[in-house]
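Worksheet: the structure to be examined is printed underneath.
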Amino acid sequence: MTDTMRAALWTGPEQIEYADVERPTPAANQVLIKVAYAGICGTDLTIYLGKHTRARAPLVMSHEFSGTVAEDPSGALPVGTPVVVNPLLMCGHCYACRNGLSHICSTLGLVGIDRDGGFAEYVAAPAHTVRPIPTSLSLQRAALVEPLAVAVHAVSVSDLRVGDTTAVLGAGPVGILVAQIARLAGALRVFVSEVSPKRLAIARELGFSVIDATRADPVDEILAATDGEGVPVVFESAGSQTTIFQAGRIARLGGQILQVGMPKTAVTIDMTPVMFREVRSKPIRVYREQDVQRAIAIAAGGRVDLDRPVTHILPIAELAKGLELAHAASDACKVLIAPAV
Ligand SMILES: [Zn+2]
Ligand SMILES: [Zn+2]
């Protein structure tokens with residue numbers, strides 16, 4: 001008799017099936033992780049809606065999860081060790097991989113997209129993706145390490161300097177972490193624009209200069225607050241046509257836009273304000289290993305609030321509800337699934 005486990009399987013566009021499936025047996029180069037918390041990401045939504053180009057059903061989604069080691073055939077990690085994963089799967093030999101840019105590997109894959117991820121009681125993860133975490137970091141907070149690594153990457157490669165005023169356009173799960181990391185990096189004032197009432201409330205509670213973009217134009221507000229100059233660094237974290245357009249006007253002369261939000265479709269960029277002011281754009285796809293290590297240290301050190309961005313914690317049987325909540329965005333920020341509940 002083989003052991004079974006509860007899993008939420010994506011079986012096709014807008015279809016989730018809850019099933020008892022065979023518990024994976026880890027191969028010699030894998031670690032079996034008992035999942036504690038698994039976050040819903042925009043990428044999971046894209047898969048759920050049937051719009052992801054690589055994902056193939058049936059699939060256990062989620063690349064943002066924490067848990068404890070259930071079995072490590074190599075013996076390196078004792079049973080019970082708290083862990084997260086760096087879910088990136090690189091080829092190791094393309095131009096990017098050969099030149100220190102493996103996070104943009106030409107065939108980059110992710111645990112939870114290209115192989116089963118965290119929306120299950122157990123996941124057999126490649127051993128090279130598993131990262132032990134300090135016991136001082138709760139497993140719930142650890143589930144946010146992956147999006148936190150995106151924020152750490154964006155801020156640390158930006159031109160942000162101590163004492164700067166900056167702007168974050170979009171306070172979704174990544175945007176709200178970018179704003180916090182920008183503050184940790186020394187930003188004196190952080191404008192956060194957003195349309196969702198729930199996300200605005202979270203940004204306000206965290207002490208940011210909040211702009212409700214349903215009532216005021218973030219471009220007007222930020223230019224008015226900066227003597228018409230704009231800010232040296234803008235973090236675009238919504239990926240929408242509107243915010244991408246705004247970013248080009250909020251950036252100061254010679255300023256910089258960190259493109260963190262992933263547009264779902266092709267967007268138009270108005271090059272005139274960008275060219276006239278020689279604004280530079282730096283896209284952020286995922287993160288480097290050093291960003292993951294810093295994210296773990298920052299999370300463990302309690303230097304960012306990883307509790308307020310979490311609006312829902314749901315059992316595995318409510319993944320479809322969680323995906324709908326995250327999709328609507330109006331009442332949700334980060335939605336976590338807790339397979340052990
Ligand atoms: Zn993600
Ligand atoms: Zn590669």
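In the structure tokens, chains take letters A, B, ... by order of appearance, with residues numbered from 1 within each chain and ligands from 1 in the order shown.
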If you take only C-alpha atoms and all ligand atoms and a cut-off of 9 Å, which residues of chain A touch ligand 2, and what are their nearest atom pairs and distances in Å to one decimal, in chain and number order, as CSV?
residue,atom,partner,partner_atom_place_in_ligand_line,distance
A:Leu89,CA,ligand 2,1 (Zn),8.7
A:Met90,CA,ligand 2,1 (Zn),5.0
A:Cys91,CA,ligand 2,1 (Zn),4.0
A:Gly92,CA,ligand 2,1 (Zn),4.7
A:His93,CA,ligand 2,1 (Zn),5.1
A:Cys94,CA,ligand 2,1 (Zn),4.0
A:Tyr95,CA,ligand 2,1 (Zn),6.6
A:Ala96,CA,ligand 2,1 (Zn),5.7
A:Cys97,CA,ligand 2,1 (Zn),4.4
A:Arg98,CA,ligand 2,1 (Zn),7.4
A:Leu101,CA,ligand 2,1 (Zn),8.4
A:Ser102,CA,ligand 2,1 (Zn),5.8
A:His103,CA,ligand 2,1 (Zn),8.2
A:Ile104,CA,ligand 2,1 (Zn),7.4
A:Cys105,CA,ligand 2,1 (Zn),3.7
A:Ser106,CA,ligand 2,1 (Zn),5.2
A:Thr107,CA,ligand 2,1 (Zn),5.9
A:Leu108,CA,ligand 2,1 (Zn),6.5
All residues 8 Å or closer to Ala300 of chain A, only C-alpha atoms, same chain fewer than 3 positions away omitted, as a VMD selection string:
chain A and resid 134 136 to 137 296 to 297 303
Output the selection as a compact mmCIF listing (two decimals), in the first residue's frame - C-alpha atoms for each residue.
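Heads up, here's the output in part37.txt:
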# COMPACT_ATOMS: atom_id res chain seq x y z
CA PRO A 134 16.41 29.87 10.73
CA SER A 136 13.28 32.08 14.33
CA LEU A 137 11.46 32.63 11.02
CA ILE A 296 15.66 34.98 4.22
CA ALA A 297 17.90 37.12 6.47
CA ARG A 303 12.78 43.97 9.42
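Of the residues under consideration (A:Arg215, A:Arg252, A:Arg183, A:Lys34), A:Arg183 shows the shortest atom-to-atom contact distance to Val152 of chain A when counting only C-alpha atoms.
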Requested in this report: For Thr166 of chain A, list every protein, DNA or RNA residue within 7 Å, evaluated using only C-alpha atoms, and leave out those in the same chain fewer than 6 positions away; present the list as a list of chain:residue names.
Outcome: A:Ala187, A:Arg189, A:Val190, A:Phe191, A:Val231, A:Pro232, A:Val233, A:Val234
Go ahead and dump the residues you just picked, N, CA and C atoms, as an mmCIF file, in the first residue's frame.
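Written out: out_1.cif:
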data_model
loop_
_atom_site.group_PDB
_atom_site.id
_atom_site.type_symbol
_atom_site.label_atom_id
_atom_site.label_comp_id
_atom_site.auth_asym_id
_atom_site.auth_seq_id
_atom_site.Cartn_x
_atom_site.Cartn_y
_atom_site.Cartn_z
ATOM 1 N N ALA A 187 14.970 54.868 1.785
ATOM 2 C CA ALA A 187 14.050 55.853 1.192
ATOM 3 C C ALA A 187 13.364 56.617 2.322
ATOM 4 N N ARG A 189 10.820 58.863 1.914
ATOM 5 C CA ARG A 189 9.374 58.896 1.696
ATOM 6 C C ARG A 189 9.060 57.956 0.541
ATOM 7 N N VAL A 190 8.047 57.118 0.733
ATOM 8 C CA VAL A 190 7.663 56.169 -0.304
ATOM 9 C C VAL A 190 6.196 56.402 -0.660
ATOM 10 N N PHE A 191 5.954 56.890 -1.885
ATOM 11 C CA PHE A 191 4.580 56.993 -2.382
ATOM 12 C C PHE A 191 4.137 55.612 -2.860
ATOM 13 N N VAL A 231 10.500 61.659 -9.138
ATOM 14 C CA VAL A 231 11.374 60.929 -8.212
ATOM 15 C C VAL A 231 12.498 60.230 -8.982
ATOM 16 N N PRO A 232 13.642 60.014 -8.316
ATOM 17 C CA PRO A 232 14.771 59.417 -9.033
ATOM 18 C C PRO A 232 14.530 57.970 -9.461
ATOM 19 N N VAL A 233 13.747 57.226 -8.654
ATOM 20 C CA VAL A 233 13.498 55.818 -8.969
ATOM 21 C C VAL A 233 12.001 55.536 -8.804
ATOM 22 N N VAL A 234 11.401 54.952 -9.831
ATOM 23 C CA VAL A 234 9.994 54.529 -9.779
ATOM 24 C C VAL A 234 9.959 53.007 -9.888
#
In Å and to one decimal, atom CA of Lys198 of chain A is distant from atom CA of Val150 of chain A by 21.9 Å
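Distance check against ligand 1 using only C-alpha atoms and all ligand atoms: of A:Val162, A:Lys334, A:Leu139, A:Ala328, the minimum falls on A:Lys334.
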Can you list, as JSON, numbers by chain, every protein, DNA or RNA residue that comes within 12 Å of Leu169 of chain A when you count only C-alpha atoms, leaving out same-chain residues fewer than 4 positions away? {"A": [174, 175, 176, 178, 179, 190, 191, 192, 193, 194, 195, 199, 200, 203, 209, 210, 211, 212, 213, 217, 218, 219, 222, 233, 234, 235, 236, 237, 238, 239, 240, 241, 242, 243, 244, 245, 246, 247, 248, 250, 251, 257, 258, 259, 260, 261]}
Could you pull out the residues sitting within 7 Å of ligand 1, using only C-alpha atoms and all ligand atoms, and write them as a compact mmCIF listing (two decimals) with C-alpha atoms, in the first residue's frame?
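The new file result_26.txt reads:
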# COMPACT_ATOMS: atom_id res chain seq x y z
CA CYS A 41 1.08 34.30 -7.18
CA GLY A 42 -0.03 36.14 -10.30
CA THR A 43 1.68 33.39 -12.28
CA HIS A 63 6.36 28.15 -6.44
CA GLU A 64 6.20 30.14 -3.17
CA GLU A 146 10.07 34.20 -2.72
CA PRO A 147 8.15 37.43 -3.49
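Here atom CA of Leu306 of chain A stands at a distance of 16.4 Å from atom CA of Gln293 of chain A.
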Going by DSSP on the backbone, which residues of segment 44-74 of chain A come out as alpha helix (DSSP H)? List them as a PyMOL selection string. chain A and resi 44-48
Saved selection, atoms kept: N, CA and C atoms, as a PDB file, in the first residue's frame:
ATOM      1  N   ASP A  44       0.348  31.877 -10.892  1.00  0.00           N
ATOM      2  CA  ASP A  44      -0.623  30.795 -10.681  1.00  0.00           C
ATOM      3  C   ASP A  44      -1.974  31.172 -11.305  1.00  0.00           C
ATOM      4  N   LEU A  45      -2.317  32.454 -11.197  1.00  0.00           N
ATOM      5  CA  LEU A  45      -3.567  32.923 -11.810  1.00  0.00           C
ATOM      6  C   LEU A  45      -3.518  32.764 -13.324  1.00  0.00           C
ATOM      7  N   THR A  46      -2.375  33.121 -13.903  1.00  0.00           N
ATOM      8  CA  THR A  46      -2.215  32.981 -15.357  1.00  0.00           C
ATOM      9  C   THR A  46      -2.371  31.518 -15.772  1.00  0.00           C
ATOM     10  N   ILE A  47      -1.777  30.618 -14.988  1.00  0.00           N
ATOM     11  CA  ILE A  47      -1.912  29.179 -15.276  1.00  0.00           C
ATOM     12  C   ILE A  47      -3.381  28.769 -15.140  1.00  0.00           C
ATOM     13  N   TYR A  48      -3.983  29.148 -14.012  1.00  0.00           N
ATOM     14  CA  TYR A  48      -5.379  28.786 -13.724  1.00  0.00           C
ATOM     15  C   TYR A  48      -6.308  29.186 -14.873  1.00  0.00           C
TER      16      TYR A  48
END
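Distance-wise, atom CA of Ala38 of chain A and atom CA of Gly80 of chain A end up 17.4 Å apart.
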Quick one: everything within 9 Å of Glu121 of chain A, counting only C-alpha atoms, minus sequence neighbours fewer than 3 positions away in the same chain. Send it as a PDB file with N, CA and C atoms, in the first residue's frame.
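The resulting out.pdb:
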ATOM      1  N   MET A   5      -1.678  11.493  -0.410  1.00  0.00           N
ATOM      2  CA  MET A   5      -1.703  12.851   0.146  1.00  0.00           C
ATOM      3  C   MET A   5      -2.792  13.642  -0.565  1.00  0.00           C
ATOM      4  N   ARG A   6      -3.237  14.706   0.095  1.00  0.00           N
ATOM      5  CA  ARG A   6      -4.206  15.609  -0.510  1.00  0.00           C
ATOM      6  C   ARG A   6      -3.463  16.577  -1.429  1.00  0.00           C
ATOM      7  N   ALA A   7      -4.001  16.786  -2.597  1.00  0.00           N
ATOM      8  CA  ALA A   7      -3.389  17.738  -3.526  1.00  0.00           C
ATOM      9  C   ALA A   7      -4.489  18.492  -4.266  1.00  0.00           C
ATOM     10  N   ARG A  23       1.641   9.845  -2.672  1.00  0.00           N
ATOM     11  CA  ARG A  23       2.656  10.746  -2.100  1.00  0.00           C
ATOM     12  C   ARG A  23       3.965  10.515  -2.840  1.00  0.00           C
ATOM     13  N   ILE A  33       9.384  17.504   0.969  1.00  0.00           N
ATOM     14  CA  ILE A  33       9.025  18.592   1.896  1.00  0.00           C
ATOM     15  C   ILE A  33       7.558  18.456   2.267  1.00  0.00           C
ATOM     16  N   LYS A  34       7.280  18.540   3.572  1.00  0.00           N
ATOM     17  CA  LYS A  34       5.892  18.621   4.036  1.00  0.00           C
ATOM     18  C   LYS A  34       5.520  20.098   4.005  1.00  0.00           C
ATOM     19  N   VAL A  35       4.593  20.459   3.145  1.00  0.00           N
ATOM     20  CA  VAL A  35       4.282  21.866   2.906  1.00  0.00           C
ATOM     21  C   VAL A  35       3.499  22.458   4.083  1.00  0.00           C
ATOM     22  N   ALA A  36       3.931  23.631   4.540  1.00  0.00           N
ATOM     23  CA  ALA A  36       3.212  24.332   5.610  1.00  0.00           C
ATOM     24  C   ALA A  36       2.304  25.409   5.004  1.00  0.00           C
ATOM     25  N   GLY A 118       3.699  23.551  -4.590  1.00  0.00           N
ATOM     26  CA  GLY A 118       3.322  23.524  -3.182  1.00  0.00           C
ATOM     27  C   GLY A 118       1.861  23.381  -2.799  1.00  0.00           C
ATOM     28  N   ILE A 316      -6.508  23.649   1.717  1.00  0.00           N
ATOM     29  CA  ILE A 316      -6.231  23.262   0.332  1.00  0.00           C
ATOM     30  C   ILE A 316      -7.514  23.109  -0.493  1.00  0.00           C
ATOM     31  N   ALA A 338      -2.822  26.599   3.185  1.00  0.00           N
ATOM     32  CA  ALA A 338      -2.160  25.821   4.247  1.00  0.00           C
ATOM     33  C   ALA A 338      -2.582  24.365   4.107  1.00  0.00           C
ATOM     34  N   PRO A 339      -1.794  23.568   3.366  1.00  0.00           N
ATOM     35  CA  PRO A 339      -2.207  22.180   3.101  1.00  0.00           C
ATOM     36  C   PRO A 339      -2.354  21.321   4.360  1.00  0.00           C
ATOM     37  N   ALA A 340      -1.678  21.691   5.448  1.00  0.00           N
ATOM     38  CA  ALA A 340      -1.749  20.850   6.636  1.00  0.00           C
ATOM     39  C   ALA A 340      -3.037  21.089   7.417  1.00  0.00           C
TER      40      ALA A 340
END
In terms of only C-alpha atoms, the residue from A:Thr214, A:Ile40, A:Ser74, A:Val304 at minimal distance from Leu325 of chain A is A:Ile40
| request: Compile the contact shell of Leu314 of chain A as JSON, numbers by chain: residues with an atom at most 9 Å away, counting only C-alpha atoms, same-chain residues fewer than 3 positions apart removed. | output: {"A": [317, 318, 319, 321, 322, 335, 336, 337, 338, 339, 341]}
Same residues, N, CA and C atoms, saved as a PDB file, in the first residue's frame:
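Saved to result.pdb:
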ATOM      1  N   ALA A 317      -8.586  22.698   0.157  1.00  0.00           N
ATOM      2  CA  ALA A 317      -9.860  22.479  -0.554  1.00  0.00           C
ATOM      3  C   ALA A 317     -10.486  23.788  -1.030  1.00  0.00           C
ATOM      4  N   GLU A 318      -9.893  24.922  -0.613  1.00  0.00           N
ATOM      5  CA  GLU A 318     -10.442  26.219  -1.034  1.00  0.00           C
ATOM      6  C   GLU A 318      -9.485  26.963  -1.969  1.00  0.00           C
ATOM      7  N   LEU A 319      -8.636  26.221  -2.666  1.00  0.00           N
ATOM      8  CA  LEU A 319      -7.709  26.874  -3.598  1.00  0.00           C
ATOM      9  C   LEU A 319      -8.450  27.662  -4.680  1.00  0.00           C
ATOM     10  N   LYS A 321     -11.300  29.109  -4.538  1.00  0.00           N
ATOM     11  CA  LYS A 321     -11.783  30.356  -3.928  1.00  0.00           C
ATOM     12  C   LYS A 321     -10.620  31.342  -3.771  1.00  0.00           C
ATOM     13  N   GLY A 322      -9.485  30.831  -3.333  1.00  0.00           N
ATOM     14  CA  GLY A 322      -8.306  31.680  -3.166  1.00  0.00           C
ATOM     15  C   GLY A 322      -7.857  32.307  -4.474  1.00  0.00           C
ATOM     16  N   VAL A 335      -2.647  35.704  -0.706  1.00  0.00           N
ATOM     17  CA  VAL A 335      -3.488  34.602  -0.255  1.00  0.00           C
ATOM     18  C   VAL A 335      -2.596  33.378  -0.084  1.00  0.00           C
ATOM     19  N   LEU A 336      -2.621  32.790   1.110  1.00  0.00           N
ATOM     20  CA  LEU A 336      -1.825  31.589   1.385  1.00  0.00           C
ATOM     21  C   LEU A 336      -2.724  30.370   1.490  1.00  0.00           C
ATOM     22  N   ILE A 337      -2.228  29.235   1.007  1.00  0.00           N
ATOM     23  CA  ILE A 337      -2.900  27.956   1.178  1.00  0.00           C
ATOM     24  C   ILE A 337      -2.105  27.186   2.236  1.00  0.00           C
ATOM     25  N   ALA A 338      -2.822  26.599   3.185  1.00  0.00           N
ATOM     26  CA  ALA A 338      -2.160  25.821   4.247  1.00  0.00           C
ATOM     27  C   ALA A 338      -2.582  24.365   4.107  1.00  0.00           C
ATOM     28  N   PRO A 339      -1.794  23.568   3.366  1.00  0.00           N
ATOM     29  CA  PRO A 339      -2.207  22.180   3.101  1.00  0.00           C
ATOM     30  C   PRO A 339      -2.354  21.321   4.360  1.00  0.00           C
ATOM     31  N   VAL A 341      -3.727  22.168   7.121  1.00  0.00           N
ATOM     32  CA  VAL A 341      -4.948  22.504   7.881  1.00  0.00           C
ATOM     33  C   VAL A 341      -6.101  21.598   7.467  1.00  0.00           C
TER      34      VAL A 341
END
Problem - 12 Å contact set for Leu49 of chain A, only C-alpha atoms, chain neighbours under 2 positions out, as a PyMOL selection string - result: chain A and resi 10-16+42-47+51-53+55+57+264+320+323-324+327
Can you write out the residues you just picked, keeping N, CA and C atoms, as a PDB file, in the first residue's frame?
ATOM      1  N   TRP A  10      -4.389  21.519 -10.865  1.00  0.00           N
ATOM      2  CA  TRP A  10      -4.936  22.313 -11.963  1.00  0.00           C
ATOM      3  C   TRP A  10      -5.094  21.347 -13.138  1.00  0.00           C
ATOM      4  N   THR A  11      -6.334  21.211 -13.616  1.00  0.00           N
ATOM      5  CA  THR A  11      -6.591  20.208 -14.659  1.00  0.00           C
ATOM      6  C   THR A  11      -7.000  20.841 -15.987  1.00  0.00           C
ATOM      7  N   GLY A  12      -7.074  22.161 -16.029  1.00  0.00           N
ATOM      8  CA  GLY A  12      -7.428  22.855 -17.264  1.00  0.00           C
ATOM      9  C   GLY A  12      -7.942  24.239 -16.920  1.00  0.00           C
ATOM     10  N   PRO A  13      -8.223  25.074 -17.948  1.00  0.00           N
ATOM     11  CA  PRO A  13      -8.650  26.446 -17.691  1.00  0.00           C
ATOM     12  C   PRO A  13      -9.802  26.539 -16.675  1.00  0.00           C
ATOM     13  N   GLU A  14      -9.526  27.261 -15.584  1.00  0.00           N
ATOM     14  CA  GLU A  14     -10.484  27.481 -14.491  1.00  0.00           C
ATOM     15  C   GLU A  14     -10.993  26.193 -13.876  1.00  0.00           C
ATOM     16  N   GLN A  15     -10.152  25.171 -13.870  1.00  0.00           N
ATOM     17  CA  GLN A  15     -10.524  23.890 -13.261  1.00  0.00           C
ATOM     18  C   GLN A  15      -9.487  23.460 -12.231  1.00  0.00           C
ATOM     19  N   ILE A  16      -9.973  23.280 -10.998  1.00  0.00           N
ATOM     20  CA  ILE A  16      -9.127  22.734  -9.933  1.00  0.00           C
ATOM     21  C   ILE A  16      -9.810  21.469  -9.420  1.00  0.00           C
ATOM     22  N   GLY A  42       0.579  35.768  -9.029  1.00  0.00           N
ATOM     23  CA  GLY A  42      -0.031  36.136 -10.305  1.00  0.00           C
ATOM     24  C   GLY A  42       0.213  35.090 -11.379  1.00  0.00           C
ATOM     25  N   THR A  43       1.372  34.437 -11.309  1.00  0.00           N
ATOM     26  CA  THR A  43       1.675  33.392 -12.282  1.00  0.00           C
ATOM     27  C   THR A  43       0.708  32.219 -12.141  1.00  0.00           C
ATOM     28  N   ASP A  44       0.348  31.877 -10.892  1.00  0.00           N
ATOM     29  CA  ASP A  44      -0.623  30.795 -10.681  1.00  0.00           C
ATOM     30  C   ASP A  44      -1.974  31.172 -11.305  1.00  0.00           C
ATOM     31  N   LEU A  45      -2.317  32.454 -11.197  1.00  0.00           N
ATOM     32  CA  LEU A  45      -3.567  32.923 -11.810  1.00  0.00           C
ATOM     33  C   LEU A  45      -3.518  32.764 -13.324  1.00  0.00           C
ATOM     34  N   THR A  46      -2.375  33.121 -13.903  1.00  0.00           N
ATOM     35  CA  THR A  46      -2.215  32.981 -15.357  1.00  0.00           C
ATOM     36  C   THR A  46      -2.371  31.518 -15.772  1.00  0.00           C
ATOM     37  N   ILE A  47      -1.777  30.618 -14.988  1.00  0.00           N
ATOM     38  CA  ILE A  47      -1.912  29.179 -15.276  1.00  0.00           C
ATOM     39  C   ILE A  47      -3.381  28.769 -15.140  1.00  0.00           C
ATOM     40  N   LYS A  51      -3.725  30.619 -19.488  1.00  0.00           N
ATOM     41  CA  LYS A  51      -3.000  31.554 -20.357  1.00  0.00           C
ATOM     42  C   LYS A  51      -1.486  31.451 -20.237  1.00  0.00           C
ATOM     43  N   HIS A  52      -1.004  30.468 -19.460  1.00  0.00           N
ATOM     44  CA  HIS A  52       0.444  30.311 -19.328  1.00  0.00           C
ATOM     45  C   HIS A  52       0.958  29.433 -20.469  1.00  0.00           C
ATOM     46  N   THR A  53       2.042  29.878 -21.099  1.00  0.00           N
ATOM     47  CA  THR A  53       2.492  29.171 -22.309  1.00  0.00           C
ATOM     48  C   THR A  53       3.146  27.823 -22.005  1.00  0.00           C
ATOM     49  N   ALA A  55       2.863  25.850 -18.841  1.00  0.00           N
ATOM     50  CA  ALA A  55       2.220  24.932 -17.891  1.00  0.00           C
ATOM     51  C   ALA A  55       1.374  23.883 -18.608  1.00  0.00           C
ATOM     52  N   ALA A  57      -1.333  20.648 -17.871  1.00  0.00           N
ATOM     53  CA  ALA A  57      -2.180  19.953 -16.892  1.00  0.00           C
ATOM     54  C   ALA A  57      -1.981  18.434 -17.024  1.00  0.00           C
ATOM     55  N   LYS A 264       0.336  41.494 -18.689  1.00  0.00           N
ATOM     56  CA  LYS A 264      -0.296  40.254 -19.159  1.00  0.00           C
ATOM     57  C   LYS A 264      -0.412  40.238 -20.691  1.00  0.00           C
ATOM     58  N   ALA A 320      -9.522  27.074  -5.224  1.00  0.00           N
ATOM     59  CA  ALA A 320     -10.261  27.779  -6.288  1.00  0.00           C
ATOM     60  C   ALA A 320     -10.790  29.113  -5.772  1.00  0.00           C
ATOM     61  N   LEU A 323      -7.906  31.524  -5.546  1.00  0.00           N
ATOM     62  CA  LEU A 323      -7.515  32.048  -6.859  1.00  0.00           C
ATOM     63  C   LEU A 323      -8.486  33.139  -7.307  1.00  0.00           C
ATOM     64  N   GLU A 324      -9.769  32.930  -7.041  1.00  0.00           N
ATOM     65  CA  GLU A 324     -10.759  33.953  -7.405  1.00  0.00           C
ATOM     66  C   GLU A 324     -10.543  35.225  -6.579  1.00  0.00           C
ATOM     67  N   HIS A 327      -7.579  36.977  -7.877  1.00  0.00           N
ATOM     68  CA  HIS A 327      -7.886  37.511  -9.205  1.00  0.00           C
ATOM     69  C   HIS A 327      -8.675  38.818  -9.099  1.00  0.00           C
TER      70      HIS A 327
END
Using only C-alpha atoms, the shortest atom-to-atom distance to Asp291 of chain A among A:Leu188, A:Ala27, A:Val157, A:Leu32 belongs to A:Val157
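These are the residues of segment 112-223 of chain A assigned strand (DSSP E) by DSSP from backbone coordinates: A:Tyr122, A:Val123, A:Ala124, A:Ala125, A:Pro126, A:Val130, A:Arg131, A:Pro132, A:Thr165, A:Thr166, A:Ala167, A:Val168, A:Leu169, A:Arg189, A:Val190, A:Phe191, A:Val192, A:Ser193, A:Glu194, A:Ser209, A:Val210, A:Ile211, A:Asp212.
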Using only C-alpha atoms, the shortest atom-to-atom distance to Ser281 of chain A among A:Gly302, A:Thr311, A:Ser158, A:Gly100 belongs to A:Ser158
